[in-house]
file query-v2.txt (compact mmCIF, C-alpha atoms)
# COMPACT_ATOMS: atom_id res chain seq x y z
CA MET G 5 -13.24 -20.96 9.71
CA THR G 6 -10.12 -23.11 9.89
CA LEU G 7 -6.92 -22.51 11.80
CA LYS G 8 -5.12 -22.65 8.45
CA LEU G 9 -7.09 -19.62 7.23
CA LEU G 10 -6.16 -17.71 10.39
CA ASP G 11 -2.50 -18.61 9.93
CA TRP G 12 -2.54 -17.58 6.27
CA ASN G 13 -4.25 -14.32 7.16
CA GLN G 14 -1.53 -13.45 9.67
CA ALA G 15 1.09 -14.45 7.10
CA GLY G 16 -0.13 -11.56 4.96
CA LEU G 17 -2.28 -13.71 2.69
CA VAL G 18 -5.54 -11.79 3.05
CA PRO G 19 -8.53 -12.91 0.93
CA GLY G 20 -9.35 -10.39 -1.77
CA PRO G 21 -12.78 -8.75 -2.14
CA GLU G 22 -13.73 -10.85 -5.17
CA GLU G 23 -11.59 -13.92 -4.43
CA SER G 24 -13.26 -17.31 -4.16
CA GLU G 25 -12.24 -19.78 -1.47
CA GLU G 26 -10.65 -22.06 -4.08
CA ASP G 27 -8.66 -19.25 -5.71
CA TYR G 28 -7.53 -18.04 -2.31
CA ARG G 29 -6.33 -21.50 -1.29
CA LYS G 30 -4.33 -21.85 -4.51
CA ARG G 31 -2.77 -18.41 -4.05
CA ALA G 32 -1.84 -19.05 -0.43
CA GLU G 33 -0.22 -22.39 -1.19
CA TYR G 34 1.60 -20.92 -4.18
CA CYS G 35 2.97 -17.95 -2.22
CA LEU G 36 4.14 -20.13 0.65
CA GLN G 37 6.29 -22.06 -1.85
CA LEU G 38 7.34 -18.98 -3.80
CA LYS G 39 10.99 -18.91 -2.73
CA THR G 40 11.62 -22.26 -4.42
CA LYS G 41 9.61 -21.34 -7.52
CA LEU G 42 11.35 -18.05 -8.32
CA GLU G 43 14.68 -19.69 -9.08
CA ASP G 44 13.09 -21.56 -11.96
CA GLU G 45 10.39 -19.18 -13.18
CA LEU G 46 11.42 -15.55 -12.77
CA ALA G 47 14.25 -13.51 -14.30
CA PRO G 48 16.39 -11.52 -13.67
CA PHE G 49 15.89 -12.17 -9.97
CA GLY G 50 15.88 -15.91 -10.39
CA SER G 51 19.64 -15.79 -10.93
CA GLU G 52 20.17 -14.10 -7.55
CA ALA G 53 19.99 -15.77 -4.16
CA PRO G 54 17.16 -14.43 -2.00
CA ALA G 55 18.32 -12.45 1.00
CA ASN G 56 17.94 -13.70 4.54
CA ASN G 57 14.59 -12.54 5.86
CA ASN G 58 16.20 -11.73 9.22
CA THR G 59 16.79 -8.39 7.50
CA LEU G 60 13.04 -7.77 7.69
CA LYS G 61 12.58 -8.34 11.42
CA GLY G 62 12.14 -4.62 12.12
CA ALA G 63 9.68 -4.26 9.23
CA PHE G 64 7.70 -7.29 10.39
CA GLN G 65 7.31 -5.73 13.84
CA LYS G 66 5.71 -2.69 12.20
CA THR G 67 3.39 -4.69 9.93
CA GLU G 68 2.33 -7.01 12.75
CA GLN G 69 1.34 -4.09 14.95
CA LEU G 70 -0.38 -2.05 12.23
CA PHE G 71 -1.86 -4.69 9.93
CA ASP G 72 -1.66 -8.01 11.80
CA ILE G 73 0.50 -9.49 9.05
CA VAL G 74 3.97 -11.05 9.15
CA PRO G 75 4.66 -12.24 5.57
CA GLU G 76 7.81 -14.25 6.32
CA TRP G 77 7.26 -16.25 3.13
CA ILE G 78 8.03 -13.29 0.88
CA PRO G 79 11.31 -13.48 -1.07
CA LEU G 80 13.60 -10.49 -0.59
CA TYR G 81 16.18 -9.48 -3.21
CA PHE G 82 18.82 -6.78 -3.02
CA SER G 83 19.05 -5.38 -6.54
CA ASN G 84 19.00 -2.03 -8.32
CA TYR G 85 17.18 -3.51 -11.32
CA ARG G 86 14.78 -0.91 -12.80
CA LEU G 87 15.03 1.34 -9.74
CA THR G 88 15.55 5.05 -10.37
CA PRO G 89 18.22 6.67 -8.16
CA TRP G 90 15.57 8.14 -5.85
CA HIS G 91 13.74 4.82 -5.33
CA GLY G 92 14.80 2.73 -2.38
CA GLY G 93 12.86 -0.36 -3.38
CA CYS G 94 9.51 -1.74 -4.44
CA VAL G 95 7.25 -4.73 -4.18
CA TRP G 96 6.54 -6.68 -7.36
CA ILE G 97 3.01 -8.08 -7.60
CA PHE G 98 2.80 -10.44 -10.54
CA GLN G 99 1.51 -13.56 -12.24
CA ILE G 100 4.01 -15.84 -13.98
CA ALA G 101 1.25 -16.90 -16.38
CA LYS G 102 -2.48 -16.33 -16.73
CA ASP G 103 -3.28 -19.58 -14.94
CA THR G 104 -0.92 -19.06 -11.99
CA PRO G 105 -2.00 -17.26 -8.81
CA THR G 106 -1.02 -13.71 -7.97
CA ALA G 107 2.16 -13.50 -5.89
CA ALA G 108 4.69 -10.90 -4.74
CA PHE G 109 8.31 -10.38 -3.79
CA LEU G 110 10.24 -7.51 -2.28
CA GLN G 111 13.15 -5.70 -3.93
CA LEU G 112 15.44 -3.34 -2.02
CA ARG G 113 18.45 -1.44 -3.31
CA ASN G 114 21.85 -3.12 -3.06
CA ALA G 115 22.89 -0.47 -0.54
CA PHE G 116 20.42 -1.88 1.98
CA SER G 117 22.26 -5.20 2.09
CA THR G 118 24.97 -3.57 4.20
CA SER G 119 23.27 -0.46 5.57
CA SER G 120 20.00 0.34 7.33
CA SER G 121 19.63 3.64 5.44
CA TYR G 122 20.10 5.01 1.94
CA PHE G 123 21.67 8.50 1.72
CA ASN G 124 19.55 9.47 4.74
CA MET G 125 16.55 9.38 2.38
CA TYR G 126 15.14 6.01 3.39
CA ASP G 127 15.21 3.86 6.49
CA ARG G 128 15.29 0.18 5.54
CA ASP G 129 12.70 -0.96 8.09
CA GLU G 130 10.31 1.85 7.24
CA LEU G 131 10.66 1.33 3.49
CA ALA G 132 10.25 -2.43 3.74
CA ALA G 133 7.20 -2.10 6.00
CA HIS G 134 5.65 0.40 3.56
CA GLU G 135 6.07 -2.01 0.65
CA LEU G 136 4.90 -5.01 2.68
CA ALA G 137 1.65 -3.13 3.33
CA HIS G 138 0.87 -3.64 -0.36
CA VAL G 139 1.63 -7.37 -0.18
CA GLY G 140 -1.26 -8.23 2.13
CA ARG G 141 -3.62 -6.40 -0.24
CA MET G 142 -2.16 -7.81 -3.45
CA THR G 143 -5.58 -8.91 -4.75
CA PHE G 144 -7.28 -5.64 -3.78
CA GLN G 145 -7.92 -3.12 -6.55
CA GLU G 146 -8.64 -0.28 -4.14
CA PRO G 147 -6.51 2.79 -4.94
CA LYS G 148 -8.17 5.47 -2.81
CA PHE G 149 -6.73 4.45 0.56
CA GLU G 150 -3.89 2.14 -0.47
CA GLU G 151 -1.15 4.71 0.11
CA VAL G 152 -2.87 6.07 3.22
CA LEU G 153 -2.51 2.59 4.70
CA ALA G 154 1.07 2.13 3.52
CA TYR G 155 2.28 5.47 4.87
CA ARG G 156 0.98 4.59 8.32
CA THR G 157 4.24 2.66 8.74
CA SER G 158 6.22 5.92 8.87
CA PRO G 159 7.35 7.28 12.26
CA SER G 160 7.03 10.80 10.82
CA GLN G 161 3.63 12.42 11.29
CA PHE G 162 4.36 14.65 8.28
CA ARG G 163 4.98 11.67 5.98
CA ARG G 164 1.99 9.79 7.36
CA TRP G 165 -0.28 12.70 6.46
CA PHE G 166 1.28 14.13 3.29
CA GLY G 167 2.92 11.00 1.86
CA PRO G 168 -0.27 9.75 0.13
CA ILE G 169 -0.77 13.03 -1.77
CA VAL G 170 0.11 11.26 -5.04
CA LYS G 171 -1.93 8.17 -5.92
CA SER G 172 -0.10 7.10 -9.07
CA SER G 173 3.01 7.71 -11.16
CA TRP G 174 1.02 9.48 -13.89
CA GLU G 175 -0.02 12.16 -11.40
CA SER G 176 3.63 12.83 -10.55
CA LEU G 177 4.45 12.94 -14.26
CA LEU G 178 1.63 15.42 -14.96
CA PHE G 179 2.87 17.76 -12.23
CA VAL G 180 6.47 17.58 -13.47
CA LEU G 181 5.33 18.26 -17.05
CA THR G 182 3.41 21.38 -16.01
CA LEU G 183 6.47 22.67 -14.14
CA PHE G 184 8.58 21.99 -17.23
CA MET G 185 6.11 23.90 -19.42
CA VAL G 186 6.26 26.88 -17.03
CA PHE G 187 10.04 26.78 -17.32
CA LEU G 188 9.80 26.75 -21.14
CA ILE G 189 7.43 29.73 -21.09
CA ASP G 190 9.89 31.74 -18.99
CA LEU G 191 12.78 30.62 -21.16
CA SER G 192 10.98 31.66 -24.35
CA TYR G 193 10.46 35.16 -22.97
CA VAL G 194 14.15 35.46 -22.08
CA TYR G 195 15.18 34.52 -25.63
CA THR G 196 12.45 36.26 -27.66
CA GLY G 197 11.52 39.23 -25.49
CA GLU G 198 7.93 38.98 -26.77
CA TYR G 199 6.05 40.15 -23.71
CA SER G 200 2.60 39.99 -25.33
CA THR G 201 3.00 36.27 -26.02
CA TYR G 202 4.45 35.72 -22.56
CA ARG G 203 1.56 37.60 -20.95
CA SER G 204 -1.05 35.57 -22.81
CA ALA G 205 0.53 32.37 -21.43
CA MET G 206 0.68 33.60 -17.84
CA TRP G 207 -2.46 31.64 -16.93
CA PHE G 208 -0.53 28.44 -17.55
CA LYS G 209 1.80 29.30 -14.68
CA ALA G 210 -1.11 28.86 -12.28
CA LEU G 211 -1.63 25.23 -13.30
CA PRO G 212 0.98 23.71 -10.94
CA LEU G 213 -0.56 25.59 -8.01
CA GLY G 214 -4.02 24.49 -9.11
CA LEU G 215 -2.95 20.85 -9.33
CA LEU G 216 -1.31 21.08 -5.92
CA ALA G 217 -4.44 22.63 -4.40
CA LEU G 218 -6.63 19.89 -5.87
CA ALA G 219 -4.28 17.18 -4.60
CA LEU G 220 -4.21 18.69 -1.11
CA GLY G 221 -8.00 18.96 -1.04
CA ARG G 222 -8.40 15.35 -2.10
CA LEU G 223 -5.80 14.24 0.44
CA TRP G 224 -7.54 16.10 3.28
CA TRP G 225 -10.86 14.49 2.37
CA ARG G 226 -9.39 10.98 2.17
CA GLN G 227 -7.54 11.38 5.48
CA TRP G 228 -10.72 12.66 7.12
CA GLN G 229 -12.76 9.70 5.82
CA PHE G 230 -10.07 7.25 6.91
CA SER G 231 -9.78 8.82 10.36
CA ARG G 232 -13.55 8.78 10.87
CA CYS G 233 -13.74 5.12 9.88
CA PHE G 234 -10.90 4.23 12.24
CA GLN G 235 -12.54 6.11 15.12
CA LYS G 236 -15.79 4.21 14.56
CA LEU G 237 -13.95 0.88 14.52
CA ARG G 238 -11.94 1.83 17.59
CA GLY G 239 -15.18 2.47 19.47
CA LEU G 240 -16.55 -0.92 18.43
CA LEU G 241 -13.49 -3.17 18.83
CA PRO G 242 -11.49 -4.05 21.96
CA ASP G 243 -8.25 -2.24 21.14
CA GLU G 244 -6.39 -0.14 18.60
CA LYS G 245 -4.47 -3.08 17.14
CA THR G 246 -7.70 -4.88 16.24
CA ALA G 247 -9.10 -1.72 14.64
CA ASN G 248 -5.87 -1.40 12.64
CA ALA G 249 -6.20 -4.97 11.41
CA VAL G 250 -9.83 -4.52 10.34
CA ILE G 251 -9.42 -1.23 8.48
CA TYR G 252 -6.47 -2.76 6.59
CA ARG G 253 -8.81 -5.46 5.23
CA LEU G 254 -11.56 -3.11 4.02
CA THR G 255 -12.30 -1.89 0.51
CA ASP G 256 -12.44 1.79 -0.40
CA GLN G 257 -16.23 1.83 -0.36
CA GLU G 258 -16.36 0.05 3.00
CA ILE G 259 -14.01 2.61 4.56
CA ILE G 260 -16.15 5.45 3.19
CA ALA G 261 -19.38 3.77 4.28
CA PHE G 262 -18.12 2.98 7.79
CA SER G 263 -16.97 6.59 8.21
CA LYS G 264 -20.66 7.59 8.04
CA MET G 265 -22.08 4.79 10.21
CA VAL G 266 -22.60 4.50 13.92
CA PRO G 267 -20.84 1.49 15.54
CA VAL G 268 -24.10 -0.48 15.87
CA ALA G 269 -24.66 -0.17 12.10
CA ILE G 270 -21.12 -1.35 11.41
CA GLN G 271 -21.70 -4.43 13.59
CA GLN G 272 -24.92 -5.13 11.69
CA PHE G 273 -23.03 -4.81 8.40
CA VAL G 274 -20.49 -7.36 9.62
CA ASP G 275 -23.22 -9.79 10.70
CA ASP G 276 -25.01 -9.42 7.36
CA HIS G 277 -21.90 -9.98 5.24
CA LYS G 278 -19.90 -12.60 7.12
CA GLU G 279 -21.49 -15.46 5.20
CA GLU G 280 -21.26 -13.73 1.82
CA SER G 281 -17.51 -13.87 1.25
CA LEU G 282 -14.39 -15.52 2.59
CA ARG G 283 -12.88 -12.14 3.41
CA TRP G 284 -15.80 -11.06 5.58
CA ASN G 285 -16.01 -14.47 7.21
CA LEU G 286 -12.37 -14.03 8.20
CA ILE G 287 -12.80 -10.44 9.43
CA ALA G 288 -15.88 -11.33 11.49
CA ASN G 289 -14.39 -14.39 13.15
CA ALA G 290 -10.82 -13.17 13.61
CA TYR G 291 -11.53 -9.64 14.84
CA PHE G 292 -15.19 -9.21 15.82
CA SER G 293 -16.02 -12.48 17.58
CA SER G 294 -14.07 -11.57 20.75
CA LYS G 295 -14.88 -7.84 20.84
CA GLY G 296 -16.92 -8.19 23.97
CA ASN G 297 -14.29 -10.12 25.93
call {"tool": "encode", "arguments": {"input": "query-v2.txt", "output": "structure tokens"}}
result
Amino acid sequence: MTLKLLDWNQAGLVPGPEESEEDYRKRAEYCLQLKTKLEDELAPFGSEAPANNNTLKGAFQKTEQLFDIVPEWIPLYFSNYRLTPWHGGCVWIFQIAKDTPTAAFLQLRNAFSTSSSYFNMYDRDELAAHELAHVGRMTFQEPKFEEVLAYRTSPSQFRRWFGPIVKSSWESLLFVLTLFMVFLIDLSYVYTGEYSTYRSAMWFKALPLGLLALALGRLWWRQWQFSRCFQKLRGLLPDEKTANAVIYRLTDQEIIAFSKMVPVAIQQFVDDHKEESLRWNLIANAYFSSKGN
């Protein structure tokens, strides 16, 4: 393993589960030059000057401690483009064309260019760190624990635990639609006074509660699996920071599998897989090779 791979890893350029060494090298080199490429290749942000990444110092401190990544290469733009009023920002993961590597940049609301908070809803460092958590895993297609990892950047225990309750925007939309249908049912009774019809639709009013119960059950199970995996890694590795770095680089199935294994079995898994992929070669050499020191 080369020093360049270690440097790229800590720059938030983590090899993906199915990424070849050649594809990874191309992606890393492309991302490290991304700030100069965006001006020519990407609109509407290409017309705006990237912000000074000194703004992200607080966020980088969080991501370095939790994920062992400091992606200083990432372009940051202050723009409200395509952000709803309740969104403080987002990370864009994209390909300019089919033959170009996957890359990412960070967008924060204009308000964050002059303030560290947005209507007391978002803290700039916390929001940026949350979004940067997705950057290091840009080539991972692992939705089960993605938000669990990202919400670990929050100082609030409540947000860390309950924040990942929704995995995707369609789930939020489904919940809102059921609430809207309940409202329409109540409204129809007010206007028509037809109690028999209203009574026959009463079961529908339980749907939002049912969806919420299912989401909470799923969340509890995911948090339990994640916590068990982390505890096993913490018992195997020299410190909490190293365990944080390793769990950040695992797939969904690896997190679930490790949650059921004893530490000796996890070490055997690492030894068996470190020659099979670039990602596991990196994990083994960067985080497991010095565990006994």
call {"tool": "atom_distance", "arguments": {"input": "query-v2.txt", "atom1": "CA of Trp96 in chain G", "atom2": "CA of Phe109 in chain G"}}
result
5.4 Å
call {"tool": "closest_residue", "arguments": {"input": "query-v2.txt", "among": "G:Phe262, G:Phe179, G:Trp90, G:Phe292", "to": "Leu215 in chain G", "atoms": "only C-alpha atoms"}}
result
G:Phe179
call {"tool": "atom_distance", "arguments": {"input": "query-v2.txt", "atom1": "CA of Arg222 in chain G", "atom2": "CA of Met185 in chain G"}}
result
24.2 Å
call {"tool": "closest_residue", "arguments": {"input": "query-v2.txt", "among": "G:Ser120, G:Thr143, G:Ser192, G:Gln111", "to": "Gly16 in chain G", "atoms": "all atoms listed in the file"}}
result
G:Thr143
call {"tool": "residues_around", "arguments": {"input": "query-v2.txt", "residues": "Gln65 in chain G", "least_positions_apart": "3", "cutoff": "12 Å", "atoms": "only C-alpha atoms", "output": "number ranges by chain"}}
result
G: 58-62, 68-76, 129-130, 132-133, 136, 157
call {"tool": "atom_distance", "arguments": {"input": "query-v2.txt", "atom1": "CA of Phe149 in chain G", "atom2": "CA of Asp256 in chain G"}}
result
6.4 Å
call {"tool": "closest_residue", "arguments": {"input": "query-v2.txt", "among": "G:Gln99, G:Asn114, G:Gln37, G:Asn124", "to": "Leu87 in chain G", "atoms": "all atoms listed in the file"}}
result
G:Asn114
call {"tool": "residues_around", "arguments": {"input": "query-v2.txt", "residues": "Leu183 in chain G", "least_positions_apart": "4", "cutoff": "12 Å", "atoms": "only C-alpha atoms", "output": "list in words"}}
result
Ser176, Leu177, Leu178, Phe179, Phe187, Leu188, Ile189, Asp190, Phe208, Lys209, Ala210, Leu211, Pro212, Leu213, Gly214, Leu215 and Leu216 of chain G
call {"tool": "closest_residue", "arguments": {"input": "query-v2.txt", "among": "G:Pro79, G:Glu22, G:Phe166, G:Leu191", "to": "Trp284 in chain G", "atoms": "all atoms listed in the file"}}
result
G:Glu22
call {"tool": "residues_near_point", "arguments": {"input": "query-v2.txt", "point": "(-21.0, -6.6, 5.4)", "cutoff": "12 Å", "atoms": "only C-alpha atoms", "output": "number ranges by chain"}}
result
G: 21, 254-255, 257-259, 261-262, 269-288
call {"tool": "closest_residue", "arguments": {"input": "query-v2.txt", "among": "G:Thr104, G:Val250, G:Lys264, G:Gly93", "to": "Leu153 in chain G", "atoms": "all atoms listed in the file"}}
result
G:Val250
call {"tool": "axis_aligned_box", "arguments": {"input": "query-v2.txt", "around": "range 270-285 of chain G", "padding_each_side": "3 Å", "output": "JSON"}}
result
{"center_x": -18.9, "center_y": -8.4, "center_z": 7.4, "size_x": 18.1, "size_y": 20.2, "size_z": 18.3}
call {"tool": "residues_around", "arguments": {"input": "query-v2.txt", "residues": "Arg31 in chain G", "least_positions_apart": "3", "cutoff": "9 Å", "atoms": "all atoms listed in the file", "output": "short mmCIF file (atom, residue, chain, number, x, y, z; two decimals) with C-alpha atoms, in the coordinates of the input"}}
result
data_model
loop_
_atom_site.label_atom_id
_atom_site.label_comp_id
_atom_site.auth_asym_id
_atom_site.auth_seq_id
_atom_site.Cartn_x
_atom_site.Cartn_y
_atom_site.Cartn_z
CA LEU G 17 -2.28 -13.71 2.69
CA GLU G 26 -10.65 -22.06 -4.08
CA ASP G 27 -8.66 -19.25 -5.71
CA TYR G 28 -7.53 -18.04 -2.31
CA TYR G 34 1.60 -20.92 -4.18
CA CYS G 35 2.97 -17.95 -2.22
CA LEU G 36 4.14 -20.13 0.65
CA THR G 104 -0.92 -19.06 -11.99
CA PRO G 105 -2.00 -17.26 -8.81
CA THR G 106 -1.02 -13.71 -7.97
CA ALA G 107 2.16 -13.50 -5.89
#
call {"tool": "closest_residue", "arguments": {"input": "query-v2.txt", "among": "G:Trp224, G:Ala217, G:Leu112, G:Met206", "to": "Gly167 in chain G", "atoms": "only C-alpha atoms"}}
result
G:Trp224
